[in-house]
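Undergrad: Structure file final_11.txt, compact mmCIF, C-alpha atoms, is pasted below:
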# COMPACT_ATOMS: atom_id res chain seq x y z
CA MET A 1 15.99 31.10 12.34
CA GLN A 2 13.07 29.06 13.66
CA HIS A 3 13.38 25.31 14.16
CA ARG A 4 10.83 23.72 11.82
CA ILE A 5 8.69 20.97 13.34
CA ILE A 6 6.20 19.16 11.11
CA VAL A 7 3.59 16.83 12.62
CA LEU A 8 1.93 14.44 10.17
CA GLY A 9 -1.62 13.48 11.16
CA ALA A 10 -4.07 15.17 13.52
CA GLY A 11 -5.60 12.17 15.23
CA TYR A 12 -5.33 11.73 18.99
CA THR A 13 -1.55 11.36 18.89
CA GLY A 14 -0.59 13.95 16.29
CA ALA A 15 -2.91 16.66 17.61
CA THR A 16 -1.80 15.97 21.17
CA ALA A 17 1.89 16.15 20.24
CA ALA A 18 1.46 19.41 18.32
CA GLY A 19 -0.42 21.04 21.19
CA ARG A 20 2.06 19.85 23.79
CA LEU A 21 5.00 21.14 21.76
CA ALA A 22 3.27 24.52 21.49
CA ARG A 23 3.02 24.59 25.30
CA ARG A 24 6.63 23.60 25.83
CA LEU A 25 8.47 25.84 23.33
CA ARG A 26 8.65 29.57 22.63
CA ARG A 27 6.81 30.65 19.51
CA GLU A 28 9.71 32.81 18.41
CA ASP A 29 11.97 29.77 18.31
CA VAL A 30 9.87 27.12 16.53
CA ALA A 31 7.50 26.87 13.59
CA ILE A 32 5.06 23.99 14.22
CA THR A 33 3.04 22.77 11.23
CA LEU A 34 0.29 20.17 11.65
CA VAL A 35 -0.61 18.40 8.39
CA ASN A 36 -3.97 16.63 8.13
CA ALA A 37 -6.20 15.57 5.26
CA GLU A 38 -9.50 16.40 7.01
CA PRO A 39 -10.56 19.75 8.49
CA ASP A 40 -12.04 18.16 11.63
CA PHE A 41 -10.62 16.16 14.48
CA VAL A 42 -12.17 12.69 14.42
CA GLU A 43 -12.98 10.93 17.70
CA ARG A 44 -12.00 7.51 16.46
CA VAL A 45 -13.09 5.81 19.69
CA ARG A 46 -16.66 6.95 18.95
CA LEU A 47 -16.94 5.83 15.34
CA HIS A 48 -19.17 2.89 16.29
CA GLN A 49 -21.57 5.47 17.74
CA LEU A 50 -21.48 7.45 14.48
CA ALA A 51 -22.20 4.29 12.49
CA ALA A 52 -25.13 3.46 14.79
CA GLY A 53 -26.81 6.75 13.91
CA GLN A 54 -25.60 9.13 16.60
CA ASP A 55 -24.28 12.58 15.71
CA LEU A 56 -20.88 13.51 17.12
CA LYS A 57 -19.87 16.98 18.18
CA PRO A 58 -17.97 18.73 15.36
CA ARG A 59 -14.39 19.66 16.26
CA PRO A 60 -12.86 21.89 13.55
CA LEU A 61 -9.07 21.77 13.78
CA ARG A 62 -8.66 25.44 12.86
CA ALA A 63 -10.80 26.50 15.81
CA MET A 64 -9.00 24.07 18.12
CA PHE A 65 -5.54 25.39 17.27
CA ALA A 66 -6.44 29.06 16.82
CA GLY A 67 -3.98 31.20 18.77
CA SER A 68 -1.85 28.20 19.76
CA GLY A 69 1.06 28.93 17.45
CA VAL A 70 0.39 25.72 15.50
CA GLU A 71 -0.14 26.21 11.76
CA LEU A 72 -2.68 23.83 10.27
CA ARG A 73 -2.06 22.59 6.72
CA LEU A 74 -5.00 20.73 5.18
CA ALA A 75 -3.44 18.34 2.68
CA GLN A 76 -2.76 14.70 1.94
CA VAL A 77 0.71 13.43 2.77
CA ALA A 78 2.11 12.07 -0.50
CA GLY A 79 5.60 11.13 0.62
CA VAL A 80 8.46 11.56 3.08
CA ASP A 81 12.12 11.88 2.12
CA ALA A 82 13.93 11.25 5.39
CA GLY A 83 17.33 11.81 3.81
CA ARG A 84 16.49 15.28 2.49
CA ARG A 85 14.21 16.08 5.44
CA THR A 86 11.21 16.91 3.29
CA VAL A 87 7.53 16.01 3.21
CA THR A 88 5.49 16.10 0.01
CA VAL A 89 1.86 17.17 0.45
CA ALA A 90 -0.98 17.49 -2.03
CA ASP A 91 -4.15 19.56 -1.93
CA ALA A 92 -6.56 21.16 -4.41
CA ASP A 93 -3.89 23.69 -5.38
CA GLY A 94 -1.31 21.10 -6.30
CA VAL A 95 1.76 19.40 -4.82
CA GLU A 96 4.25 21.09 -2.51
CA GLU A 97 7.41 20.06 -0.69
CA LEU A 98 7.80 21.09 2.95
CA SER A 99 11.17 21.05 4.72
CA TYR A 100 11.57 20.10 8.37
CA ASP A 101 14.21 20.02 11.06
CA THR A 102 12.16 17.64 13.24
CA LEU A 103 9.39 15.39 11.97
CA VAL A 104 6.67 13.78 14.10
CA TYR A 105 5.11 10.93 12.15
CA ALA A 106 1.57 10.23 13.40
CA LEU A 107 -0.28 8.98 10.34
CA GLY A 108 -1.78 6.11 12.31
CA SER A 109 -3.56 3.16 10.80
CA GLY A 110 -6.55 2.07 8.75
CA TRP A 111 -8.57 -1.09 8.48
CA ASP A 112 -6.94 -4.33 7.45
CA ALA A 113 -8.82 -6.82 5.26
CA GLN A 114 -5.97 -9.29 5.98
CA GLY A 115 -6.19 -10.71 2.49
CA VAL A 116 -9.51 -12.43 3.15
CA PRO A 117 -11.30 -12.90 -0.19
CA GLY A 118 -14.27 -10.57 -0.57
CA ALA A 119 -13.58 -8.51 2.57
CA ALA A 120 -12.41 -5.40 0.74
CA GLU A 121 -15.29 -5.61 -1.75
CA HIS A 122 -18.20 -6.46 0.54
CA ALA A 123 -17.36 -5.58 4.15
CA TYR A 124 -17.74 -2.24 5.93
CA GLU A 125 -15.12 -0.77 8.24
CA LEU A 126 -14.95 1.51 11.29
CA ALA A 127 -11.34 2.67 11.17
CA GLY A 128 -12.17 6.11 9.76
CA ARG A 129 -14.97 8.64 9.58
CA SER A 130 -15.75 7.95 5.92
CA GLY A 131 -16.08 4.24 6.62
CA ALA A 132 -18.36 4.83 9.61
CA LEU A 133 -20.59 7.16 7.57
CA ARG A 134 -20.78 4.63 4.74
CA LEU A 135 -21.86 1.95 7.23
CA ARG A 136 -24.36 4.34 8.83
CA GLU A 137 -26.00 5.00 5.47
CA ARG A 138 -26.20 1.27 4.69
CA LEU A 139 -27.69 0.40 8.07
CA ALA A 140 -30.36 3.07 7.65
CA ARG A 141 -31.60 1.21 4.55
CA LEU A 142 -31.92 -2.17 6.26
CA ASP A 143 -35.37 -3.58 6.95
CA ALA A 144 -36.33 -5.09 10.29
CA GLY A 145 -35.04 -8.60 10.81
CA GLN A 146 -32.08 -8.35 8.46
CA ALA A 147 -28.74 -9.71 9.64
CA VAL A 148 -25.72 -7.59 10.59
CA LEU A 149 -22.55 -9.52 11.31
CA VAL A 150 -19.56 -7.93 13.07
CA VAL A 151 -16.34 -9.86 12.45
CA GLY A 152 -13.63 -9.54 15.09
CA GLY A 153 -13.71 -10.15 18.83
CA GLY A 154 -11.44 -7.33 20.01
CA LEU A 155 -12.47 -4.07 21.61
CA THR A 156 -13.71 -2.51 18.35
CA GLY A 157 -15.82 -5.52 17.42
CA VAL A 158 -17.37 -5.92 20.87
CA GLU A 159 -18.21 -2.22 21.13
CA ALA A 160 -19.63 -2.10 17.59
CA ALA A 161 -21.86 -5.13 18.10
CA ALA A 162 -23.25 -3.79 21.37
CA GLU A 163 -23.82 -0.29 19.98
CA LEU A 164 -25.60 -1.53 16.87
CA ALA A 165 -27.77 -3.98 18.81
CA GLU A 166 -28.84 -1.29 21.27
CA ALA A 167 -29.52 1.34 18.59
CA ARG A 168 -31.29 -1.06 16.20
CA PRO A 169 -33.07 -3.76 18.23
CA ASP A 170 -35.08 -4.56 15.07
CA LEU A 171 -31.99 -6.00 13.40
CA ASP A 172 -30.45 -9.45 13.89
CA VAL A 173 -26.98 -8.50 15.15
CA ALA A 174 -24.29 -11.17 15.48
CA LEU A 175 -20.59 -11.27 16.31
CA ALA A 176 -18.07 -13.73 14.85
CA VAL A 177 -14.90 -14.25 16.89
CA ARG A 178 -11.88 -16.38 16.11
CA GLY A 179 -11.57 -17.64 19.70
CA GLY A 180 -13.96 -17.36 22.62
CA LEU A 181 -16.04 -14.29 23.37
CA GLY A 182 -13.96 -11.88 25.48
CA ASP A 183 -11.20 -14.42 25.94
CA TRP A 184 -8.78 -11.62 26.84
CA LEU A 185 -10.94 -10.67 29.85
CA SER A 186 -11.01 -12.02 33.39
CA PRO A 187 -13.71 -14.58 34.27
CA LYS A 188 -15.87 -11.81 35.78
CA GLY A 189 -15.38 -9.68 32.68
CA ARG A 190 -16.36 -12.52 30.35
CA GLU A 191 -19.41 -13.31 32.45
CA HIS A 192 -20.60 -9.71 32.33
CA LEU A 193 -19.98 -9.46 28.59
CA ARG A 194 -22.06 -12.58 27.94
CA LYS A 195 -24.84 -11.25 30.17
CA VAL A 196 -25.03 -7.93 28.31
CA PHE A 197 -24.84 -9.59 24.90
CA GLY A 198 -27.65 -11.92 25.91
CA ARG A 199 -29.78 -9.00 27.06
CA LEU A 200 -29.15 -7.18 23.76
CA GLY A 201 -30.01 -10.30 21.74
CA ILE A 202 -26.59 -10.57 20.07
CA THR A 203 -25.79 -13.97 18.58
CA VAL A 204 -22.15 -14.96 19.11
CA HIS A 205 -20.35 -17.30 16.72
CA GLU A 206 -17.27 -18.47 18.62
CA HIS A 207 -14.23 -20.16 17.10
CA ALA A 208 -15.35 -18.80 13.74
CA ASP A 209 -12.32 -18.02 11.58
CA VAL A 210 -13.82 -16.10 8.64
CA THR A 211 -12.16 -17.12 5.38
CA ALA A 212 -14.36 -15.40 2.79
CA VAL A 213 -16.90 -12.60 2.59
CA ALA A 214 -19.78 -12.43 0.11
CA ALA A 215 -22.52 -9.84 -0.34
CA ASP A 216 -24.98 -11.80 1.80
CA ARG A 217 -22.86 -14.08 4.01
CA VAL A 218 -19.43 -15.03 5.29
CA SER A 219 -17.76 -18.43 5.25
CA THR A 220 -15.62 -19.88 8.03
CA ALA A 221 -12.71 -22.28 8.13
CA ASP A 222 -14.85 -25.05 9.62
CA GLY A 223 -17.35 -24.94 6.78
CA ARG A 224 -20.04 -22.71 8.24
CA ASP A 225 -21.91 -20.06 6.26
CA ILE A 226 -23.19 -17.20 8.39
CA PRO A 227 -25.84 -14.95 6.80
CA ALA A 228 -25.15 -11.21 6.72
CA ALA A 229 -26.91 -8.47 4.82
CA VAL A 230 -24.12 -6.26 6.18
CA THR A 231 -20.68 -7.43 7.32
CA VAL A 232 -18.65 -5.11 9.57
CA TRP A 233 -14.92 -5.90 9.53
CA THR A 234 -13.03 -5.14 12.77
CA THR A 235 -10.30 -7.77 12.83
CA GLY A 236 -7.35 -5.41 13.13
CA PHE A 237 -5.52 -2.39 11.76
CA ALA A 238 -2.79 -1.82 9.19
CA VAL A 239 -0.42 1.14 9.49
CA HIS A 240 -0.29 3.89 6.88
CA PRO A 241 1.95 2.66 4.02
CA ILE A 242 4.09 5.78 3.54
CA ALA A 243 6.71 4.90 6.19
CA ARG A 244 7.51 1.64 4.43
CA ALA A 245 8.46 3.60 1.30
CA THR A 246 11.01 5.73 3.14
CA ALA A 247 14.57 5.08 4.33
CA LEU A 248 13.32 4.86 7.92
CA GLU A 249 13.86 1.56 9.67
CA VAL A 250 10.49 -0.18 9.89
CA THR A 251 9.16 -3.55 10.98
CA GLY A 252 7.60 -6.12 8.70
CA THR A 253 4.23 -4.52 9.38
CA GLY A 254 5.49 -1.06 8.40
CA GLN A 255 5.75 0.40 11.89
CA ILE A 256 8.69 2.73 12.52
CA VAL A 257 11.22 1.36 15.00
CA VAL A 258 11.79 3.86 17.82
CA ASP A 259 13.66 4.14 21.10
CA ALA A 260 12.16 4.91 24.51
CA THR A 261 11.70 8.59 23.59
CA MET A 262 9.81 7.71 20.36
CA ARG A 263 12.85 8.72 18.27
CA SER A 264 13.55 6.76 15.10
CA VAL A 265 16.55 4.47 15.61
CA SER A 266 17.71 5.19 12.05
CA HIS A 267 16.94 8.91 11.67
CA PRO A 268 17.36 11.04 14.82
CA ASP A 269 15.34 13.94 13.40
CA VAL A 270 12.20 11.76 13.10
CA TYR A 271 9.84 10.73 15.88
CA ALA A 272 7.00 8.24 15.43
CA ILE A 273 3.98 7.95 17.72
CA GLY A 274 0.76 6.01 18.06
CA ASP A 275 -0.08 3.15 15.73
CA ALA A 276 2.72 4.19 13.36
CA ALA A 277 5.45 3.24 15.86
CA LEU A 278 6.73 -0.01 17.26
CA VAL A 279 6.90 0.88 20.95
CA MET A 280 8.09 -1.61 23.54
CA GLY A 281 6.24 -1.60 26.84
CA PRO A 282 6.57 -3.48 30.13
CA GLY A 283 7.82 -7.03 29.79
CA ASN A 284 9.44 -6.04 26.49
CA LYS A 285 6.08 -6.48 24.78
CA PRO A 286 4.99 -4.19 21.92
CA LEU A 287 2.20 -1.81 22.85
CA ARG A 288 -1.08 -2.58 21.09
CA MET A 289 -2.60 -0.18 18.59
CA SER A 290 -5.01 1.90 20.64
CA CYS A 291 -5.75 5.37 21.96
CA ALA A 292 -4.60 4.13 25.38
CA SER A 293 -1.16 3.44 23.91
CA GLY A 294 -0.98 6.32 21.47
CA THR A 295 -1.62 9.32 23.69
CA PRO A 296 1.23 8.53 26.12
CA THR A 297 3.59 8.12 23.15
CA ALA A 298 2.59 11.63 22.02
CA TRP A 299 3.42 13.02 25.47
CA GLN A 300 6.73 11.17 25.47
CA ALA A 301 7.76 12.38 22.03
CA ALA A 302 6.76 16.01 22.59
CA ASP A 303 8.58 16.17 25.92
CA ALA A 304 11.67 14.51 24.43
CA ILE A 305 11.77 16.92 21.50
CA ALA A 306 11.37 19.91 23.82
CA ALA A 307 14.07 18.57 26.14
CA ARG A 308 16.57 18.05 23.33
CA LEU A 309 15.91 21.48 21.86
CA THR A 310 16.21 23.32 25.16
CA GLY A 311 18.71 21.25 27.13
CA GLY A 312 16.08 19.94 29.53
CA ARG A 313 15.78 16.52 31.10
CA LEU A 314 14.61 13.70 28.85
CA PRO A 315 11.39 11.94 29.94
CA ALA A 316 12.12 8.69 31.70
CA SER A 317 8.61 7.36 32.33
CA THR A 318 7.61 3.91 31.12
CA ILE A 319 4.37 3.63 29.18
CA ARG A 320 2.12 1.10 30.86
CA TYR A 321 -1.51 0.01 30.98
CA PHE A 322 -3.99 0.33 33.83
CA ASN A 323 -7.32 -0.81 32.42
CA GLN A 324 -9.27 -1.56 29.27
CA CYS A 325 -12.43 0.52 28.89
CA VAL A 326 -15.25 -1.10 26.91
CA SER A 327 -18.53 0.60 26.04
CA LEU A 328 -21.46 -1.78 25.66
CA GLY A 329 -24.00 0.65 24.29
CA ARG A 330 -24.89 3.90 26.01
CA LYS A 331 -26.08 2.39 29.29
CA GLU A 332 -23.62 -0.42 29.95
CA GLY A 333 -19.87 -0.70 30.19
CA LEU A 334 -17.00 -2.87 31.31
CA ILE A 335 -13.75 -1.66 32.84
CA GLN A 336 -11.24 -4.50 32.93
CA TYR A 337 -8.27 -3.74 35.15
CA VAL A 338 -4.97 -5.05 33.84
CA THR A 339 -1.32 -5.43 34.69
CA ALA A 340 1.29 -3.01 33.36
CA ASP A 341 1.77 -5.27 30.32
CA ASP A 342 -1.98 -5.48 29.62
CA ARG A 343 -2.94 -8.84 31.16
CA ALA A 344 -6.34 -9.03 32.82
CA VAL A 345 -6.58 -9.22 36.61
CA PRO A 346 -9.69 -10.37 38.50
CA ALA A 347 -10.96 -6.85 39.27
CA VAL A 348 -13.61 -5.31 36.97
CA LEU A 349 -16.09 -2.46 37.05
CA THR A 350 -19.40 -3.10 35.30
CA GLY A 351 -22.83 -1.65 34.62
CA ARG A 352 -23.92 1.95 34.47
CA LEU A 353 -20.96 3.18 36.52
CA ALA A 354 -18.57 1.60 34.01
CA ALA A 355 -20.44 3.30 31.16
CA VAL A 356 -20.05 6.67 32.90
CA TYR A 357 -16.35 5.97 33.51
CA LYS A 358 -15.77 5.14 29.82
CA GLU A 359 -17.66 8.27 28.76
CA LEU A 360 -15.46 10.42 31.01
CA ILE A 361 -12.34 8.86 29.49
CA CYS A 362 -13.57 9.62 25.96
CA LYS A 363 -14.53 13.19 26.86
CA SER A 364 -11.24 13.89 28.62
CA ALA A 365 -9.26 12.58 25.63
CA ALA A 366 -11.18 14.84 23.26
CA TRP A 367 -10.91 17.80 25.64
CA GLY A 368 -7.15 17.40 25.80
CA VAL A 369 -6.92 17.56 22.02
CA ALA A 370 -9.43 20.39 21.68
CA ASN A 371 -7.58 22.57 24.21
CA PRO A 372 -3.96 22.29 23.06
CA THR A 373 -2.62 25.24 25.04
CA LEU A 374 -4.44 24.41 28.28
CA GLY A 375 -4.01 21.55 30.72
CA LEU A 376 -0.87 20.87 32.69
CA PRO A 377 1.07 23.99 33.65
CA SER A 378 4.31 24.37 31.74
CA ARG A 379 7.01 26.92 31.05
CA ARG A 380 7.92 27.66 27.45
CA ARG A 381 11.67 27.28 27.15
CA ARG A 382 14.10 28.88 24.72
CA VAL A 383 15.59 26.88 21.86
CA THR A 384 19.25 27.49 21.08
CA ARG A 385 20.80 26.93 17.67
CA ALA A 386 23.43 24.56 19.03
CA ARG A 387 20.84 22.42 20.81
CA ALA A 388 18.59 22.40 17.76
CA ALA A 389 21.45 21.19 15.59
CA ALA A 390 22.39 18.52 18.11
CA ALA A 391 18.77 17.39 18.40
CA ALA A 392 18.49 16.82 14.67
CA GLY A 393 21.79 14.98 14.42
CA PRO A 394 23.52 13.92 11.20
CA ARG A 395 21.29 12.79 8.38
CA GLY A 396 20.66 9.09 7.94
CA VAL A 397 23.02 8.03 10.76
CA ARG A 398 21.87 5.24 13.01
CA LEU A 399 21.73 6.18 16.68
CA PRO A 400 23.73 4.16 19.17
Represent the supplied structure as structure tokens.
TA:
Amino acid sequence: MQHRIIVLGAGYTGATAAGRLARRLRREDVAITLVNAEPDFVERVRLHQLAAGQDLKPRPLRAMFAGSGVELRLAQVAGVDAGRRTVTVADADGVEELSYDTLVYALGSGWDAQGVPGAAEHAYELAGRSGALRLRERLARLDAGQAVLVVGGGLTGVEAAAELAEARPDLDVALAVRGGLGDWLSPKGREHLRKVFGRLGITVHEHADVTAVAADRVSTADGRDIPAAVTVWTTGFAVHPIARATALEVTGTGQIVVDATMRSVSHPDVYAIGDAALVMGPGNKPLRMSCASGTPTAWQAADAIAARLTGGRLPASTIRYFNQCVSLGRKEGLIQYVTADDRAVPAVLTGRLAAVYKELICKSAAWGVANPTLGLPSRRRRVTRARAAAAAGPRGVRLP
């Protein structure tokens, strides 16, 4: 009997984990099902480009996983019963319950209005393809000189502001940040960011804590009103809510608590990866929600599952950071080198070379997902019934 592995979500982490499992395990021994609501893989790190009017290369999941041994199921995940080891999915044909022996939870995150009045009603988001397309359509209807305000000074906000300003120099693009512009960067990084923003004509509102969003403006905690025909909200992400409704141990934010192999501490047959998991990195600091964090968690989980099913050696690598890659339009970039726990060091790479570097990172990430059975050489190992049973463990029993 095949060991049933279900992977929920086909973003960077879920698609990577499914493909890696297919490379590690014999097809006769496992049935790998990848559940996703959309038929295409979405390059989330390029959604600001999509919103700015650029067309992204289509990446149909069926074509990507054809011949890999991974079965694609296009459906919405409606629920997870970790006690019964079932997943409820819904599609045009109705609702169905799928049983699993091992579950990989990779449903990721969406945008987070953070309870700010008016944000959900009036702001646009970049956390998903539908949101980026909605913003793209709205921007196309703006007249020259109208104001676009990006709220949020993290990587998403900085990249979105630069991309929009470069693509639409006729618009008045501004960025509102709670602290200082690029305050997570090194002095050289901040200097370069300010230089590029100045060249692109982006107005920066620093120390602007947005407390309300209206159709034509935002309000800040210090009493300012900032005009905005369009407000783009990039202040953070919220994890998919399904995990919170299960018996899995989760944090206050809804992230699943896992060990170093991405295995749930409460349910040994469940693994969580990417934004859905609380993963501790160097210095005992939680990894931030990002592709840079998520992809290594997918590798770790897939290798750990394969090892437990086949009697191999568990992965012992520590997930760490090396740099932060920031696109500043199509011609400029910023690579901020960081410590293992994500603190900026003095070294940076800037300019056209940094833009090329960032583009290579994005292309390699997409290539890795689009070619699930290629890449690193590996030997498919046999799964034994005893190891499969041991890997799943007793239901609902907390691991030591």
Undergrad: For the contact check between region 87-114 of chain A and region 221-234 of chain A, emit one row per residue of region 87-114 of chain A within 9 Å, containing the shortest atom pair and the distance in Å rounded to one decimal, counting only C-alpha atoms, chain then rising number order, as a tab-separated table.
TA:
residue	atom	partner	partner_atom	distance
A:Trp111	CA	A:Thr234	CA	7.4
A:Asp112	CA	A:Thr234	CA	8.1
A:Ala113	CA	A:Trp233	CA	7.5
Undergrad: Per residue of region 264-327 of chain A within 7 Å of region 236-259 of chain A, note the shortest atom pair and the distance in Å to one decimal, counting all atoms listed in the file, and order the rows by chain and increasing residue number, as JSON lines.
TA:
{"residue": "A:Ser264", "atom": "CA", "partner": "A:Val258", "partner_atom": "CA", "distance": 4.3}
{"residue": "A:Val265", "atom": "CA", "partner": "A:Val258", "partner_atom": "CA", "distance": 5.3}
{"residue": "A:Ser266", "atom": "CA", "partner": "A:Glu249", "partner_atom": "CA", "distance": 5.8}
{"residue": "A:His267", "atom": "CA", "partner": "A:Leu248", "partner_atom": "CA", "distance": 6.6}
{"residue": "A:Ala272", "atom": "CA", "partner": "A:Ile256", "partner_atom": "CA", "distance": 6.5}
{"residue": "A:Asp275", "atom": "CA", "partner": "A:Val239", "partner_atom": "CA", "distance": 6.6}
{"residue": "A:Ala276", "atom": "CA", "partner": "A:Gln255", "partner_atom": "CA", "distance": 5.1}
{"residue": "A:Ala277", "atom": "CA", "partner": "A:Ile256", "partner_atom": "CA", "distance": 4.7}
{"residue": "A:Leu278", "atom": "CA", "partner": "A:Val257", "partner_atom": "CA", "distance": 5.2}
{"residue": "A:Val279", "atom": "CA", "partner": "A:Val258", "partner_atom": "CA", "distance": 6.5}
Undergrad: Nearest to Ser99 (chain A) among A:Arg381, A:Arg59, A:Arg84, A:Arg73, with distances taken over only C-alpha atoms: which residue is it?
TA: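 Residue with the minimum atom-to-atom distance to Ser99 (chain A): A:Arg84.
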Undergrad: Taking only C-alpha atoms into account, name the residue in A:Pro187, A:Gly118, A:Pro296, A:Gly94 that is nearest to Ala344 (chain A).
TA: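 Counting only C-alpha atoms, the residue closest to Ala344 (chain A) is A:Pro187.
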Undergrad: Which residues, written as a count of residues only, have at least one atom at most 6 Å from Tyr337 (chain A), with only C-alpha atoms counted and residues fewer than 6 positions away on the same chain left out?
TA: 4
Undergrad: If you count all atoms listed in the file, which residues fall within 9 Å of Ser327 (chain A), apart from same-chain ones fewer than 3 positions away, as number ranges by chain?
TA: A: 155, 158-160, 162-163, 330-335, 354-355, 358-359
Undergrad: Which residues, written as a list in words, have at least one atom at most 12 Å from Leu56 (chain A), with all atoms listed in the file counted and residues fewer than 3 positions away on the same chain left out?
TA: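 Within the cut-off, the hits are Asp40, Phe41, Val42, Glu43, Arg44, Val45, Arg46, Leu47, His48, Gln49, Leu50, Ala51, Ala52, Gly53, Arg59, Arg129, Ala132, Leu133, Lys363 and Ala366 of chain A.
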Undergrad: Selection from above, C-alpha atoms, as an mmCIF file, in the coordinates of the input, can you write it?
TA:
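Generated output (selection_7.cif):
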data_model
loop_
_atom_site.group_PDB
_atom_site.id
_atom_site.type_symbol
_atom_site.label_atom_id
_atom_site.label_comp_id
_atom_site.auth_asym_id
_atom_site.auth_seq_id
_atom_site.Cartn_x
_atom_site.Cartn_y
_atom_site.Cartn_z
ATOM 1 C CA ASP A 40 -12.040 18.160 11.630
ATOM 2 C CA PHE A 41 -10.620 16.160 14.480
ATOM 3 C CA VAL A 42 -12.170 12.690 14.420
ATOM 4 C CA GLU A 43 -12.980 10.930 17.700
ATOM 5 C CA ARG A 44 -12.000 7.510 16.460
ATOM 6 C CA VAL A 45 -13.090 5.810 19.690
ATOM 7 C CA ARG A 46 -16.660 6.950 18.950
ATOM 8 C CA LEU A 47 -16.940 5.830 15.340
ATOM 9 C CA HIS A 48 -19.170 2.890 16.290
ATOM 10 C CA GLN A 49 -21.570 5.470 17.740
ATOM 11 C CA LEU A 50 -21.480 7.450 14.480
ATOM 12 C CA ALA A 51 -22.200 4.290 12.490
ATOM 13 C CA ALA A 52 -25.130 3.460 14.790
ATOM 14 C CA GLY A 53 -26.810 6.750 13.910
ATOM 15 C CA ARG A 59 -14.390 19.660 16.260
ATOM 16 C CA ARG A 129 -14.970 8.640 9.580
ATOM 17 C CA ALA A 132 -18.360 4.830 9.610
ATOM 18 C CA LEU A 133 -20.590 7.160 7.570
ATOM 19 C CA LYS A 363 -14.530 13.190 26.860
ATOM 20 C CA ALA A 366 -11.180 14.840 23.260
#
Undergrad: Rank A:Val338, A:Ala370, A:Ala214, A:Ala140 by their smallest atom-to-atom distance to Arg62 (chain A), using only C-alpha atoms, and report the top residue only.
TA: A:Ala370
Undergrad: Grab the CA of Leu139 (chain A) to CA of Gly157 (chain A) distance for me, in Å with one decimal place.
TA: 16.2 Å
Undergrad: Could you check the closest approach to Lys188 (chain A) for each of A:Asn284, A:Thr156, A:Gln336, A:Thr86 and tell me which residue wins, using all atoms listed in the file?
TA: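 Selected residue with least distance to Lys188 (chain A): A:Gln336.
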Undergrad: Work out how far CA of Asp143 (chain A) is from CA of Asp172 (chain A), in Å to one decimal.
TA: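 A separation of 10.3 Å between them.
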Undergrad: Could you tell me how far CA of Thr13 (chain A) lies from CA of Gly189 (chain A), in Å and to one decimal?
TA: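 CA of Gly189 (chain A) lies 28.7 Å from CA of Thr13 (chain A).
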Undergrad: Contacts of region 176-180 of chain A at 9 Å or less, counting only C-alpha atoms, minus same-chain residues fewer than 6 places along, as a VMD selection string?
TA: chain A and resid 149 to 154 157 203 to 210 226 235
Undergrad: Env of Ala63 (chain A): 12 Å cut, atoms = all atoms listed in the file, seq-sep filter 6 positions within chain, self excluded. Answer as a list in words.
TA: Pro39, Asp40, Phe41, Val70, Glu71, Leu72, Val369, Ala370, Asn371 and Pro372 of chain A
Undergrad: Identify which of the residues A:Gly329, A:Pro60, A:Gly128, A:Pro286 lies closest to Arg352 (chain A), counting only C-alpha atoms when measuring atom-to-atom distances.
TA: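 Among the listed residues, A:Gly329 lies closest to Arg352 (chain A).
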Undergrad: Determine, for each residue of region 74-128 of chain A having at least one atom at most 10 Å from an atom of region 304-307 of chain A, the closest pair of atoms and their separation in Å to one decimal, counting all atoms listed in the file; order by chain and ascending number, as JSON lines.
TA:
{"residue": "A:Thr102", "atom": "CA", "partner": "A:Ile305", "partner_atom": "CA", "distance": 8.3}
{"residue": "A:Leu103", "atom": "CA", "partner": "A:Ile305", "partner_atom": "CA", "distance": 9.9}
{"residue": "A:Val104", "atom": "CA", "partner": "A:Ile305", "partner_atom": "CA", "distance": 9.5}
Undergrad: From the set A:Pro169, A:Gly274, A:Gly311, A:Gly182, which residue has the shortest atom-to-atom contact distance to Thr295 (chain A), counting all atoms listed in the file?
TA: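 Closest to Thr295 (chain A), using all atoms listed in the file: A:Gly274.
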Undergrad: Step by step, gather every atom of region 222-235 of chain A that the file lists, find the box along x, y and z that holds them, add 5 Å on each side, and finally give centre and edge lengths in Å to one decimal, as lines of an AutoDock Vina configuration file.
TA:
center_x = -18.6
center_y = -15.1
center_z = 8.8
size_x = 26.6
size_y = 29.9
size_z = 18.0
